[in-house]
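Colleague: The file below is input17.tsv, TSV, C-alpha atoms:
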chain	number	residue	atom	x	y	z
Q	1	MET	CA	-14.09	13.15	-25.61
Q	2	LYS	CA	-13.04	9.67	-26.71
Q	3	GLY	CA	-10.17	8.10	-24.83
Q	4	TYR	CA	-8.28	4.84	-24.83
Q	5	ILE	CA	-6.15	2.64	-22.64
Q	6	LYS	CA	-3.48	0.81	-24.59
Q	7	LEU	CA	-1.74	-2.09	-22.89
Q	8	GLU	CA	1.84	-3.14	-23.43
Q	9	ASN	CA	0.62	-6.40	-24.98
Q	10	GLY	CA	-1.12	-4.39	-27.74
Q	11	GLU	CA	-4.70	-4.62	-26.44
Q	12	VAL	CA	-6.73	-1.38	-26.68
Q	13	PHE	CA	-9.93	-0.50	-24.78
Q	14	GLU	CA	-12.10	2.49	-25.66
Q	15	GLY	CA	-13.99	4.83	-23.34
Q	16	ASN	CA	-14.70	8.48	-22.55
Q	17	LEU	CA	-11.85	10.57	-21.19
Q	18	THR	CA	-12.50	13.14	-18.45
Q	19	GLY	CA	-10.49	14.90	-15.76
Q	20	SER	CA	-7.40	15.45	-17.91
Q	21	ASN	CA	-6.62	14.70	-21.56
Q	22	GLN	CA	-2.88	14.53	-20.96
Q	23	GLU	CA	-1.33	11.19	-21.91
Q	24	VAL	CA	-0.16	9.17	-18.89
Q	25	TYR	CA	1.85	5.97	-18.51
Q	26	GLY	CA	1.89	3.56	-15.59
Q	27	GLU	CA	1.57	-0.02	-14.45
Q	28	VAL	CA	-2.05	-1.09	-14.94
Q	29	VAL	CA	-3.52	-2.89	-11.91
Q	30	PHE	CA	-7.04	-3.66	-10.69
Q	31	PHE	CA	-8.80	-3.05	-7.37
Q	32	THR	CA	-11.67	-5.35	-6.35
Q	33	GLY	CA	-13.28	-3.39	-3.49
Q	34	MET	CA	-16.91	-2.30	-3.81
Q	35	THR	CA	-16.07	0.90	-1.91
Q	36	GLY	CA	-12.86	2.71	-0.95
Q	37	TYR	CA	-12.11	4.59	-4.17
Q	38	GLN	CA	-11.12	7.71	-2.19
Q	39	GLU	CA	-8.59	5.79	-0.10
Q	40	VAL	CA	-7.22	4.21	-3.29
Q	41	MET	CA	-6.85	7.60	-4.94
Q	42	THR	CA	-4.81	8.94	-1.99
Q	43	ASP	CA	-2.86	5.81	-1.01
Q	44	PRO	CA	0.88	6.29	-1.82
Q	45	SER	CA	1.16	2.56	-2.60
Q	46	PHE	CA	-0.77	3.31	-5.81
Q	47	HIS	CA	1.64	6.10	-6.79
Q	48	GLY	CA	2.11	6.24	-10.55
Q	49	GLN	CA	-0.17	3.27	-11.33
Q	50	ILE	CA	-3.23	3.14	-13.58
Q	51	VAL	CA	-5.99	1.66	-11.42
Q	52	VAL	CA	-8.91	-0.28	-12.89
Q	53	PHE	CA	-11.92	-0.52	-10.55
Q	54	THR	CA	-13.75	-3.82	-10.96
Q	55	TYR	CA	-16.95	-2.63	-9.26
Q	56	PRO	CA	-19.16	-1.20	-12.05
Q	57	LEU	CA	-20.31	2.04	-10.34
Q	58	ILE	CA	-17.74	4.32	-8.72
Q	59	GLY	CA	-18.33	7.65	-6.97
Q	60	ASN	CA	-21.89	7.41	-5.67
Q	61	TYR	CA	-20.97	8.62	-2.14
Q	62	GLY	CA	-18.75	11.42	-3.42
Q	63	TRP	CA	-15.56	12.82	-1.91
Q	64	ASN	CA	-15.14	13.85	1.73
Q	65	GLU	CA	-12.45	15.39	3.93
Q	66	THR	CA	-12.11	12.34	6.20
Q	67	ASP	CA	-11.10	9.34	4.09
Q	68	ILE	CA	-7.87	10.83	2.75
Q	69	GLU	CA	-4.67	8.79	3.13
Q	70	SER	CA	-2.14	11.40	1.97
Q	71	ALA	CA	-1.87	15.06	1.05
Q	72	THR	CA	-2.17	14.41	-2.69
Q	73	THR	CA	-3.81	12.00	-5.11
Q	74	GLN	CA	-1.48	9.19	-6.18
Q	75	PRO	CA	-2.51	7.11	-9.25
Q	76	ALA	CA	-1.46	8.18	-12.74
Q	77	GLY	CA	-4.94	7.42	-14.05
Q	78	LEU	CA	-8.24	5.65	-13.34
Q	79	VAL	CA	-10.33	3.31	-15.47
Q	80	ILE	CA	-13.95	2.57	-14.52
Q	81	SER	CA	-17.16	1.31	-16.05
Q	82	GLU	CA	-19.49	4.08	-14.83
Q	83	ALA	CA	-18.81	7.23	-12.80
Q	84	ALA	CA	-21.59	8.67	-10.63
Q	85	GLY	CA	-22.38	12.25	-11.57
Q	86	GLU	CA	-23.72	13.15	-8.12
Q	87	ALA	CA	-22.67	12.56	-4.51
Q	88	PHE	CA	-25.25	11.00	-2.21
Q	89	HIS	CA	-23.50	11.08	1.18
Q	90	TYR	CA	-24.09	13.82	3.74
Q	91	GLU	CA	-20.33	14.27	4.35
Q	92	ALA	CA	-19.50	14.70	0.66
Q	93	THR	CA	-17.88	18.01	-0.30
Q	94	GLN	CA	-17.35	17.13	-3.97
Q	95	THR	CA	-18.41	14.59	-6.53
Q	96	PHE	CA	-15.94	11.92	-7.60
Q	97	LYS	CA	-15.58	13.56	-11.02
Q	98	GLU	CA	-14.90	16.98	-9.49
Q	99	ALA	CA	-12.21	15.55	-7.20
Q	100	ALA	CA	-10.49	13.77	-10.09
Q	101	ALA	CA	-10.64	16.90	-12.25
Q	102	ASP	CA	-9.18	19.08	-9.47
Q	103	ALA	CA	-6.34	16.56	-9.05
Q	104	GLY	CA	-5.66	16.48	-12.79
Q	105	ILE	CA	-6.09	12.70	-12.96
Q	106	PRO	CA	-7.37	11.33	-16.28
Q	107	VAL	CA	-10.44	9.16	-15.78
Q	108	LEU	CA	-11.48	6.76	-18.52
Q	109	THR	CA	-15.17	5.82	-18.16
Q	110	GLY	CA	-17.50	3.62	-20.16
Q	111	VAL	CA	-14.85	0.90	-20.43
Q	112	ASP	CA	-15.58	-2.81	-20.48
Q	113	THR	CA	-13.69	-3.34	-17.23
Q	114	ARG	CA	-14.60	-7.04	-17.04
Q	115	ALA	CA	-12.77	-7.69	-20.31
Q	116	LEU	CA	-9.88	-5.44	-19.28
Q	117	VAL	CA	-9.40	-7.19	-15.94
Q	118	LYS	CA	-9.60	-10.59	-17.63
Q	119	CYS	CA	-6.80	-9.45	-19.93
Q	120	ILE	CA	-4.67	-8.36	-16.95
Q	121	ARG	CA	-5.28	-11.64	-15.15
Q	122	GLU	CA	-4.18	-13.58	-18.22
Q	123	SER	CA	-1.13	-11.47	-19.11
Q	124	GLY	CA	-0.22	-10.08	-15.66
Q	125	ASP	CA	0.38	-6.51	-14.51
Q	126	MET	CA	1.99	-4.55	-17.33
Q	127	GLY	CA	2.62	-1.05	-18.61
Q	128	ALA	CA	-0.27	0.92	-20.11
Q	129	VAL	CA	-1.01	4.33	-21.59
Q	130	ILE	CA	-4.21	6.36	-21.24
Q	131	SER	CA	-4.44	8.63	-24.25
Q	132	ALA	CA	-6.80	10.37	-26.64
Q	133	SER	CA	-4.91	8.75	-29.51
Q	134	PRO	CA	-3.68	5.17	-29.01
Q	135	GLU	CA	-1.86	5.19	-32.36
Q	136	LYS	CA	0.60	7.73	-30.98
Q	137	ALA	CA	1.27	5.86	-27.72
Q	138	ALA	CA	4.93	4.80	-27.81
Q	139	PHE	CA	6.02	2.71	-24.82
Q	140	ALA	CA	9.70	3.13	-25.72
Q	141	ILE	CA	9.72	6.76	-24.52
Q	142	TYR	CA	8.83	5.74	-20.94
Q	143	GLU	CA	11.13	4.34	-18.30
Q	144	PRO	CA	10.55	0.56	-17.98
Q	145	LEU	CA	8.41	-0.56	-15.06
Q	146	GLY	CA	10.30	-1.58	-11.94
Q	147	GLU	CA	13.44	0.39	-12.74
Q	148	LYS	CA	12.40	3.74	-11.32
Q	149	MET	CA	12.86	4.27	-7.57
Q	150	ILE	CA	9.48	5.65	-6.47
Q	151	ILE	CA	9.79	5.75	-2.68
Q	152	PRO	CA	11.65	9.12	-2.53
Q	153	GLU	CA	8.66	10.70	-4.29
Q	154	VAL	CA	6.20	9.68	-1.55
Q	155	SER	CA	8.30	9.56	1.64
Q	156	VAL	CA	8.28	12.59	3.96
Q	157	LYS	CA	11.17	14.99	3.49
Q	158	LYS	CA	11.64	15.74	7.20
Q	159	PRO	CA	10.36	14.25	10.48
Q	160	GLU	CA	6.71	14.85	11.39
Q	161	THR	CA	5.20	14.21	14.84
Q	162	ILE	CA	1.54	13.34	15.40
Q	163	GLY	CA	-0.26	12.72	18.68
Q	164	ASP	CA	0.93	12.58	22.28
Q	165	GLY	CA	0.79	9.23	24.03
Q	166	ASP	CA	2.60	6.92	26.41
Q	167	HIS	CA	4.45	5.04	23.67
Q	168	HIS	CA	6.65	6.79	21.12
Q	169	ILE	CA	6.57	5.04	17.71
Q	170	VAL	CA	8.91	6.03	14.89
Q	171	VAL	CA	7.48	5.28	11.44
Q	172	ILE	CA	10.07	4.60	8.75
Q	173	ASP	CA	8.18	6.02	5.82
Q	174	PHE	CA	8.10	4.30	2.44
Q	175	GLY	CA	4.78	6.03	1.62
Q	176	TYR	CA	2.64	5.72	4.74
Q	177	LYS	CA	-1.15	5.95	4.97
Q	178	ARG	CA	-2.62	8.43	7.43
Q	179	SER	CA	-5.05	5.83	8.79
Q	180	MET	CA	-2.04	3.78	9.92
Q	181	VAL	CA	-0.81	6.63	12.10
Q	182	LYS	CA	-4.34	7.41	13.31
Q	183	SER	CA	-4.67	3.81	14.49
Q	184	LEU	CA	-1.50	4.11	16.57
Q	185	VAL	CA	-2.54	7.47	18.02
Q	186	ARG	CA	-5.94	5.96	18.90
Q	187	GLU	CA	-4.08	3.25	20.83
Q	188	GLY	CA	-2.28	5.86	22.94
Q	189	CYS	CA	0.90	6.39	20.93
Q	190	LYS	CA	2.92	9.42	19.95
Q	191	VAL	CA	4.10	8.94	16.37
Q	192	THR	CA	7.09	10.45	14.58
Q	193	VAL	CA	7.27	9.81	10.84
Q	194	VAL	CA	10.79	9.95	9.37
Q	195	PRO	CA	12.18	9.67	5.81
Q	196	PHE	CA	12.94	6.12	4.67
Q	197	ASP	CA	16.70	6.79	4.52
Q	198	THR	CA	17.07	8.40	7.97
Q	199	PRO	CA	20.39	7.34	9.58
Q	200	ALA	CA	20.09	4.88	12.45
Q	201	ALA	CA	21.81	7.32	14.81
Q	202	ASP	CA	19.14	9.96	14.13
Q	203	ILE	CA	16.38	7.47	14.88
Q	204	GLU	CA	18.11	6.44	18.12
Q	205	LYS	CA	18.19	10.13	19.18
Q	206	LEU	CA	14.38	10.15	18.98
Q	207	THR	CA	14.38	7.48	21.74
Q	208	PRO	CA	11.51	5.45	20.28
Q	209	ASP	CA	9.71	2.72	22.18
Q	210	GLY	CA	9.03	0.91	18.91
Q	211	LEU	CA	9.29	1.11	15.13
Q	212	LEU	CA	6.79	0.76	12.31
Q	213	PHE	CA	8.05	0.07	8.78
Q	214	SER	CA	5.27	1.46	6.58
Q	215	ASN	CA	3.61	0.55	3.32
Q	216	GLY	CA	4.81	2.07	0.06
Q	217	PRO	CA	5.08	1.64	-3.72
Q	218	GLY	CA	7.57	-0.16	-5.91
Q	219	ASN	CA	10.07	-2.99	-5.61
Q	220	PRO	CA	11.47	-3.62	-2.09
Q	221	GLN	CA	14.69	-4.99	-3.57
Q	222	GLN	CA	15.63	-1.45	-4.58
Q	223	LEU	CA	16.37	-0.79	-0.90
Q	224	GLN	CA	19.25	-3.29	-0.71
Q	225	GLU	CA	21.79	-0.72	0.50
Q	226	LEU	CA	19.62	0.17	3.50
Q	227	LEU	CA	18.83	-3.39	4.61
Q	228	PRO	CA	21.71	-3.71	7.14
Q	229	ARG	CA	20.49	-0.47	8.78
Q	230	TYR	CA	16.92	-1.72	8.95
Q	231	ARG	CA	18.03	-5.04	10.44
Q	232	LYS	CA	20.05	-3.29	13.15
Q	233	LEU	CA	17.13	-1.04	14.08
Q	234	ALA	CA	14.60	-3.90	14.17
Q	235	GLN	CA	16.85	-5.82	16.54
Q	236	MET	CA	16.96	-2.82	18.89
Q	237	TYR	CA	13.24	-2.01	19.21
Q	238	PRO	CA	9.86	-3.78	19.07
Q	239	THR	CA	8.98	-3.60	15.39
Q	240	LEU	CA	5.89	-3.85	13.19
Q	241	GLY	CA	6.15	-4.04	9.40
Q	242	ILE	CA	3.14	-3.45	7.14
Q	243	CYS	CA	2.98	-4.25	3.41
Q	244	MET	CA	6.23	-2.83	1.95
Q	245	GLY	CA	7.58	-2.78	5.51
Q	246	HIS	CA	6.85	-6.51	5.79
Q	247	GLN	CA	8.79	-7.21	2.59
Q	248	VAL	CA	11.71	-4.99	3.57
Q	249	LEU	CA	12.11	-6.67	6.96
Q	250	ALA	CA	11.97	-10.12	5.34
Q	251	LEU	CA	14.79	-9.04	3.01
Q	252	ALA	CA	16.76	-7.53	5.89
Q	253	PHE	CA	16.73	-10.87	7.74
Q	254	GLY	CA	17.80	-12.93	4.75
Q	255	GLY	CA	14.58	-13.70	2.89
Q	256	LYS	CA	13.74	-13.04	-0.75
Q	257	THR	CA	10.80	-11.47	-2.57
Q	258	GLU	CA	9.19	-12.00	-5.97
Q	259	LYS	CA	6.56	-10.27	-8.09
Q	260	LEU	CA	3.06	-11.72	-8.30
Q	261	ARG	CA	1.42	-12.17	-11.69
Q	262	PHE	CA	-1.27	-9.57	-10.97
Q	263	GLY	CA	-1.00	-8.70	-7.27
Q	264	HIS	CA	-3.55	-8.52	-4.45
Q	265	ARG	CA	-5.59	-5.32	-4.37
Q	266	GLY	CA	-8.93	-5.12	-2.64
Q	267	ALA	CA	-10.79	-5.26	0.66
Q	268	ASN	CA	-11.74	-8.92	0.54
Q	269	GLN	CA	-8.57	-11.04	0.82
Q	270	PRO	CA	-8.93	-14.04	3.21
Q	271	VAL	CA	-5.96	-14.63	5.53
Q	272	GLN	CA	-5.36	-17.36	8.13
Q	273	ASN	CA	-3.29	-17.22	11.30
Q	274	THR	CA	-1.12	-20.35	11.05
Q	275	GLN	CA	-0.86	-20.62	14.84
Q	276	SER	CA	-4.50	-20.20	15.91
Q	277	GLY	CA	-6.22	-21.25	12.68
Q	278	LYS	CA	-8.34	-18.08	12.78
Q	279	VAL	CA	-9.44	-16.72	9.39
Q	280	PHE	CA	-10.25	-13.09	8.71
Q	281	MET	CA	-10.80	-10.79	5.74
Q	282	THR	CA	-8.16	-8.19	4.98
Q	283	SER	CA	-7.49	-5.10	2.90
Q	284	GLN	CA	-4.44	-5.45	0.62
Q	285	ASN	CA	-2.49	-3.58	-2.03
Q	286	HIS	CA	0.76	-5.12	-3.22
Q	287	SER	CA	2.57	-6.59	-6.23
Q	288	TYR	CA	5.43	-8.34	-4.43
Q	289	VAL	CA	5.43	-11.21	-1.91
Q	290	VAL	CA	7.95	-12.90	0.36
Q	291	LYS	CA	9.12	-16.31	-0.88
Q	292	GLU	CA	8.43	-18.80	1.90
Q	293	ASN	CA	11.20	-21.22	0.89
Q	294	SER	CA	13.75	-18.38	1.10
Q	295	LEU	CA	13.25	-17.66	4.80
Q	296	PRO	CA	16.36	-18.60	6.83
Q	297	LYS	CA	15.77	-21.17	9.55
Q	298	GLY	CA	16.00	-19.86	13.09
Q	299	GLU	CA	15.05	-16.30	12.10
Q	300	LEU	CA	11.52	-15.76	10.76
Q	301	ALA	CA	8.41	-17.94	10.99
Q	302	VAL	CA	5.30	-17.63	8.81
Q	303	GLN	CA	2.44	-16.44	11.00
Q	304	TYR	CA	-0.16	-15.58	8.32
Q	305	LYS	CA	-1.02	-17.08	4.93
Q	306	ASN	CA	-3.34	-16.10	2.09
Q	307	ILE	CA	-6.06	-18.73	1.73
Q	308	ASN	CA	-6.57	-18.09	-1.99
Q	309	ASP	CA	-3.02	-18.71	-3.20
Q	310	GLY	CA	-1.04	-19.77	-0.11
Q	311	SER	CA	1.29	-16.78	-0.27
Q	312	VAL	CA	3.02	-15.45	2.84
Q	313	GLU	CA	0.90	-12.78	4.59
Q	314	GLY	CA	2.88	-12.21	7.76
Q	315	LEU	CA	5.96	-13.19	9.76
Q	316	SER	CA	7.14	-13.24	13.35
Q	317	HIS	CA	10.74	-13.35	14.51
Q	318	LEU	CA	11.81	-16.25	16.68
Q	319	LYS	CA	14.14	-14.15	18.86
Q	320	TYR	CA	13.21	-10.48	18.57
Q	321	ASP	CA	9.88	-8.67	19.08
Q	322	ILE	CA	9.20	-8.31	15.37
Q	323	ILE	CA	5.91	-8.95	13.60
Q	324	THR	CA	5.14	-8.23	9.95
Q	325	VAL	CA	1.96	-8.36	7.87
Q	326	GLN	CA	1.41	-8.08	4.13
Q	327	PHE	CA	-2.13	-6.79	4.65
Q	328	HIS	CA	-3.41	-3.56	6.24
Q	329	PRO	CA	-4.60	-3.91	9.87
Q	330	GLU	CA	-5.72	-0.26	9.87
Q	331	ALA	CA	-8.27	-1.46	7.25
Q	332	HIS	CA	-8.90	1.72	5.28
Q	333	PRO	CA	-10.65	0.71	3.12
Q	334	GLY	CA	-11.84	-2.67	4.28
Q	335	PRO	CA	-12.80	-4.82	7.26
Q	336	ALA	CA	-11.39	-4.31	10.76
Q	337	ASP	CA	-10.91	-8.04	11.45
Q	338	SER	CA	-7.12	-7.76	11.72
Q	339	ARG	CA	-6.88	-4.86	14.17
Q	340	GLU	CA	-5.48	-7.40	16.64
Q	341	ILE	CA	-2.10	-6.89	14.95
Q	342	PHE	CA	-1.80	-3.48	16.61
Q	343	HIS	CA	-2.72	-5.04	19.96
Q	344	GLN	CA	0.05	-7.62	19.59
Q	345	PHE	CA	2.49	-4.82	18.77
Q	346	LEU	CA	1.36	-2.89	21.84
Q	347	GLU	CA	2.01	-5.96	23.98
Q	348	TYR	CA	5.58	-5.92	22.69
Q	349	LEU	CA	5.85	-2.26	23.70
Q	350	LYS	CA	4.46	-2.91	27.18
Q	351	ARG	CA	6.85	-5.81	27.68
Q	352	LYS	CA	9.76	-3.63	26.62
Q	353	GLY	CA	8.53	-0.96	29.02
Q	354	ARG	CA	8.60	-3.40	31.91
Q	355	GLU	CA	12.15	-4.39	31.02
Q	356	LYS	CA	13.17	-0.73	31.21
Q	357	THR	CA	11.45	-0.35	34.57
Q	358	TYR	CA	13.25	-3.28	36.17
Q	359	ALA	CA	16.61	-2.77	34.49
Would you mind writing the file out in structure tokens?

Modeller:
Amino acid sequence: MKGYIKLENGEVFEGNLTGSNQEVYGEVVFFTGMTGYQEVMTDPSFHGQIVVFTYPLIGNYGWNETDIESATTQPAGLVISEAAGEAFHYEATQTFKEAAADAGIPVLTGVDTRALVKCIRESGDMGAVISASPEKAAFAIYEPLGEKMIIPEVSVKKPETIGDGDHHIVVIDFGYKRSMVKSLVREGCKVTVVPFDTPAADIEKLTPDGLLFSNGPGNPQQLQELLPRYRKLAQMYPTLGICMGHQVLALAFGGKTEKLRFGHRGANQPVQNTQSGKVFMTSQNHSYVVKENSLPKGELAVQYKNINDGSVEGLSHLKYDIITVQFHPEAHPGPADSREIFHQFLEYLKRKGREKTYA
């Protein structure tokens, strides 16, 4: 059946609606990766968004049981140019269309995604409605973007423990990706994932060797009340912050964040280490960034920068064992260039372990 995506600026794009004909509303964003649609569809950082895939053909390798980042699908809707009707990978258990239909996600195909993405780049991320009747789409009935607190919808409800290793890492969950935890387990860590609002005393009882502040959706400034708690915890344990976790830690130590015009989403973002000069490609998914000129002197130093726009991509603390990155070192989907971030974090853990031994 015919379907439409109507943008908040009044632009309308026509296509064919499959998967679900229920009207959905969300922030419309675009993803530039040539592959990785399954990870996108299960990444909690995309929760409630309408994702436009810039690559023209989506779904040719189907859907498998391995590349799943969470227990459920996350976007409100998907917009693509062409959807493959078959799956051509030996691990595929479903086609892309079947997976979307089972999840109840509306998929708008046959859309001029080049024109749509150009519109988003010019006007910025905005609200949009996928509907079978654009004339009836009324933005006033939906809660304005940025006002709704999304993290409670994707964070775990009770602690979960994965793996059994020499280092115990507690993940403060804003909407974590499974590949993030798998990377830590692969490096010899036991991981306990806890809700984002877990009291500091409860985390201390878990006797962690280190903390990981995870990725997640929404505006980090909505966590203002919890920032003193996060700062206290990060000062107590070696800490790694990824994506939302990076932004939250920057806020906790006195920095500020702002919203990008249309965000960074894809598996091809070039980042440079400001200390070594090394450049590598990264996987990213975020709307907000840390403002470099807001960072308090004597606290945080910029360790990574985006080559395309100069935005802050990572921080290190000048006193405590804290490192943060805006990109995804677990690299699902995307290149594995930045896996060294986990190795640096592990060095912090080993150093802390030696301090315990000789104390």

Colleague: Within 10 Å of stretch 274-280 of chain Q, counting only C-alpha atoms, which residues qualify if same-chain residues fewer than 2 places away don't, as number ranges by chain?

Modeller: Q: 268-272, 282, 301-307, 314, 335-338

Colleague: Write the residues of the selection above to a file with C-alpha atoms, as a tab-separated table (two decimals), in the frame of the given file.

Modeller:
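Just written: selection-v7.tsv:
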chain	number	residue	atom	x	y	z
Q	268	ASN	CA	-11.74	-8.92	0.54
Q	269	GLN	CA	-8.57	-11.04	0.82
Q	270	PRO	CA	-8.93	-14.04	3.21
Q	271	VAL	CA	-5.96	-14.63	5.53
Q	272	GLN	CA	-5.36	-17.36	8.13
Q	282	THR	CA	-8.16	-8.19	4.98
Q	301	ALA	CA	8.41	-17.94	10.99
Q	302	VAL	CA	5.30	-17.63	8.81
Q	303	GLN	CA	2.44	-16.44	11.00
Q	304	TYR	CA	-0.16	-15.58	8.32
Q	305	LYS	CA	-1.02	-17.08	4.93
Q	306	ASN	CA	-3.34	-16.10	2.09
Q	307	ILE	CA	-6.06	-18.73	1.73
Q	314	GLY	CA	2.88	-12.21	7.76
Q	335	PRO	CA	-12.80	-4.82	7.26
Q	336	ALA	CA	-11.39	-4.31	10.76
Q	337	ASP	CA	-10.91	-8.04	11.45
Q	338	SER	CA	-7.12	-7.76	11.72

Colleague: Of the candidates Q:Thr42, Q:Gln235, Q:Ser123, Q:Ser81, which shows the shortest atom-to-atom distance to Q:Gly216, using all atoms listed in the file?

Modeller: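 Nearest to Q:Gly216: Q:Thr42.
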
Colleague: Could you give me, as a PyMOL selection string, the residues within 6 Å of Q:Pro106, counting only C-alpha atoms and dropping anything in the same chain fewer than 2 positions from it?

Modeller: chain Q and resi 18-20+77

Colleague: So that I can check the surroundings of Q:Gly15, please list as a list in words every protein, DNA and RNA residue that reaches within 7 Å of it, counting only C-alpha atoms and ignoring chain neighbours fewer than 6 positions away.

Modeller: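 Once the adjacent positions are removed, what remains is Lys2, Gly3, Tyr4, Leu108, Thr109, Gly110 and Val111 of chain Q.
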
Colleague: From the options Q:Glu299, Q:Glu14, Q:Asp209, Q:Asp164, which residue's atoms come nearest to Q:Thr239, counting only C-alpha atoms?

Modeller: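 The answer is Q:Asp209, which sits nearest to Q:Thr239.
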
Colleague: Figure out the distance between atom CA of Q:Thr72 and atom CA of Q:Asn219, please, to one decimal in Å.

Modeller: 21.5 Å

Colleague: May I ask for the distance between atom CA of Q:His264 and atom CA of Q:Val24, given in Å to one decimal place?

Modeller: 23.1 Å

Colleague: Please report, as JSON lines, each residue of stretch 271-358 of chain Q lying at most 12 Å from stretch 51-70 of chain Q, together with the nearest pair of atoms and the separation in Å rounded to one decimal; use only C-alpha atoms, and order rows by chain and ascending residue number.

Modeller:
{"residue": "Q:Asn285", "atom": "CA", "partner": "Q:Val51", "partner_atom": "CA", "distance": 11.3}
{"residue": "Q:Glu330", "atom": "CA", "partner": "Q:Glu69", "partner_atom": "CA", "distance": 11.3}
{"residue": "Q:Ala331", "atom": "CA", "partner": "Q:Asp67", "partner_atom": "CA", "distance": 11.6}
{"residue": "Q:His332", "atom": "CA", "partner": "Q:Asp67", "partner_atom": "CA", "distance": 8.0}
{"residue": "Q:Pro333", "atom": "CA", "partner": "Q:Asp67", "partner_atom": "CA", "distance": 8.7}

Colleague: Quick one: of Q:Ala99, Q:Val325, Q:Leu346, Q:Leu251, who's nearest to Q:Ser283, counting all atoms listed in the file?

Modeller: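 Ranked by minimum distance to Q:Ser283, first place goes to Q:Val325.
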
Colleague: My list of candidates is Q:Leu240, Q:Leu184, Q:Lys256, Q:Phe262. Which is closest to Q:Tyr320 when distances are computed with all atoms listed in the file?

Modeller: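 Counting all atoms listed in the file, the residue closest to Q:Tyr320 is Q:Leu240.
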
Colleague: Name the residues in contact with Q:Pro195 at a cut-off of 6 Å, using all atoms listed in the file, excluding same-chain residues fewer than 5 positions from it; report them as a list in words.

Modeller: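 Neighbouring residues, sequence-local ones excluded: Ser155, Val156, Lys157 and Asp173 of chain Q.
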
Colleague: Of the residues Q:Ala200, Q:Ala100, Q:Val312, Q:Leu78, which is the one nearest to Q:Ile130, using all atoms listed in the file?

Modeller: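 Selected residue with least distance to Q:Ile130: Q:Leu78.
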
Colleague: With distances taken over only C-alpha atoms, which of Q:Ile162, Q:Ala87, Q:Ile151, Q:Ile322 is nearest to Q:Leu233?

Modeller: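 Once distances to Q:Leu233 are computed over only C-alpha atoms, the minimum belongs to Q:Ile322.
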
Colleague: Some atoms are absent from stretch 192-203 of chain Q, so rebuild N, CA and C atoms and return them as a PDB file, keeping the file's coordinate frame.

Modeller:
ATOM      1  N   THR Q 192       6.198   9.600  15.361  1.00  0.00           N
ATOM      2  CA  THR Q 192       7.090  10.450  14.580  1.00  0.00           C
ATOM      3  C   THR Q 192       7.393   9.737  13.270  1.00  0.00           C
ATOM      4  N   VAL Q 193       7.036  10.375  12.163  1.00  0.00           N
ATOM      5  CA  VAL Q 193       7.270   9.810  10.840  1.00  0.00           C
ATOM      6  C   VAL Q 193       8.579  10.382  10.304  1.00  0.00           C
ATOM      7  N   VAL Q 194       9.485   9.501   9.863  1.00  0.00           N
ATOM      8  CA  VAL Q 194      10.790   9.950   9.370  1.00  0.00           C
ATOM      9  C   VAL Q 194      11.025   9.441   7.957  1.00  0.00           C
ATOM     10  N   PRO Q 195      11.862  10.135   7.168  1.00  0.00           N
ATOM     11  CA  PRO Q 195      12.180   9.670   5.810  1.00  0.00           C
ATOM     12  C   PRO Q 195      12.765   8.256   5.825  1.00  0.00           C
ATOM     13  N   PHE Q 196      12.540   7.529   4.745  1.00  0.00           N
ATOM     14  CA  PHE Q 196      12.940   6.120   4.670  1.00  0.00           C
ATOM     15  C   PHE Q 196      14.445   5.916   4.811  1.00  0.00           C
ATOM     16  N   ASP Q 197      15.246   6.936   4.481  1.00  0.00           N
ATOM     17  CA  ASP Q 197      16.700   6.790   4.520  1.00  0.00           C
ATOM     18  C   ASP Q 197      17.333   7.500   5.723  1.00  0.00           C
ATOM     19  N   THR Q 198      16.551   7.747   6.763  1.00  0.00           N
ATOM     20  CA  THR Q 198      17.070   8.400   7.970  1.00  0.00           C
ATOM     21  C   THR Q 198      18.155   7.533   8.610  1.00  0.00           C
ATOM     22  N   PRO Q 199      19.323   8.112   8.932  1.00  0.00           N
ATOM     23  CA  PRO Q 199      20.390   7.340   9.580  1.00  0.00           C
ATOM     24  C   PRO Q 199      19.931   6.726  10.899  1.00  0.00           C
ATOM     25  N   ALA Q 200      20.462   5.570  11.222  1.00  0.00           N
ATOM     26  CA  ALA Q 200      20.090   4.880  12.450  1.00  0.00           C
ATOM     27  C   ALA Q 200      20.358   5.738  13.681  1.00  0.00           C
ATOM     28  N   ALA Q 201      21.454   6.476  13.665  1.00  0.00           N
ATOM     29  CA  ALA Q 201      21.810   7.320  14.810  1.00  0.00           C
ATOM     30  C   ALA Q 201      20.750   8.389  15.056  1.00  0.00           C
ATOM     31  N   ASP Q 202      20.184   8.939  13.981  1.00  0.00           N
ATOM     32  CA  ASP Q 202      19.140   9.960  14.130  1.00  0.00           C
ATOM     33  C   ASP Q 202      17.864   9.361  14.700  1.00  0.00           C
ATOM     34  N   ILE Q 203      17.562   8.132  14.329  1.00  0.00           N
ATOM     35  CA  ILE Q 203      16.380   7.470  14.880  1.00  0.00           C
ATOM     36  C   ILE Q 203      16.603   7.155  16.358  1.00  0.00           C
TER      37      ILE Q 203
END
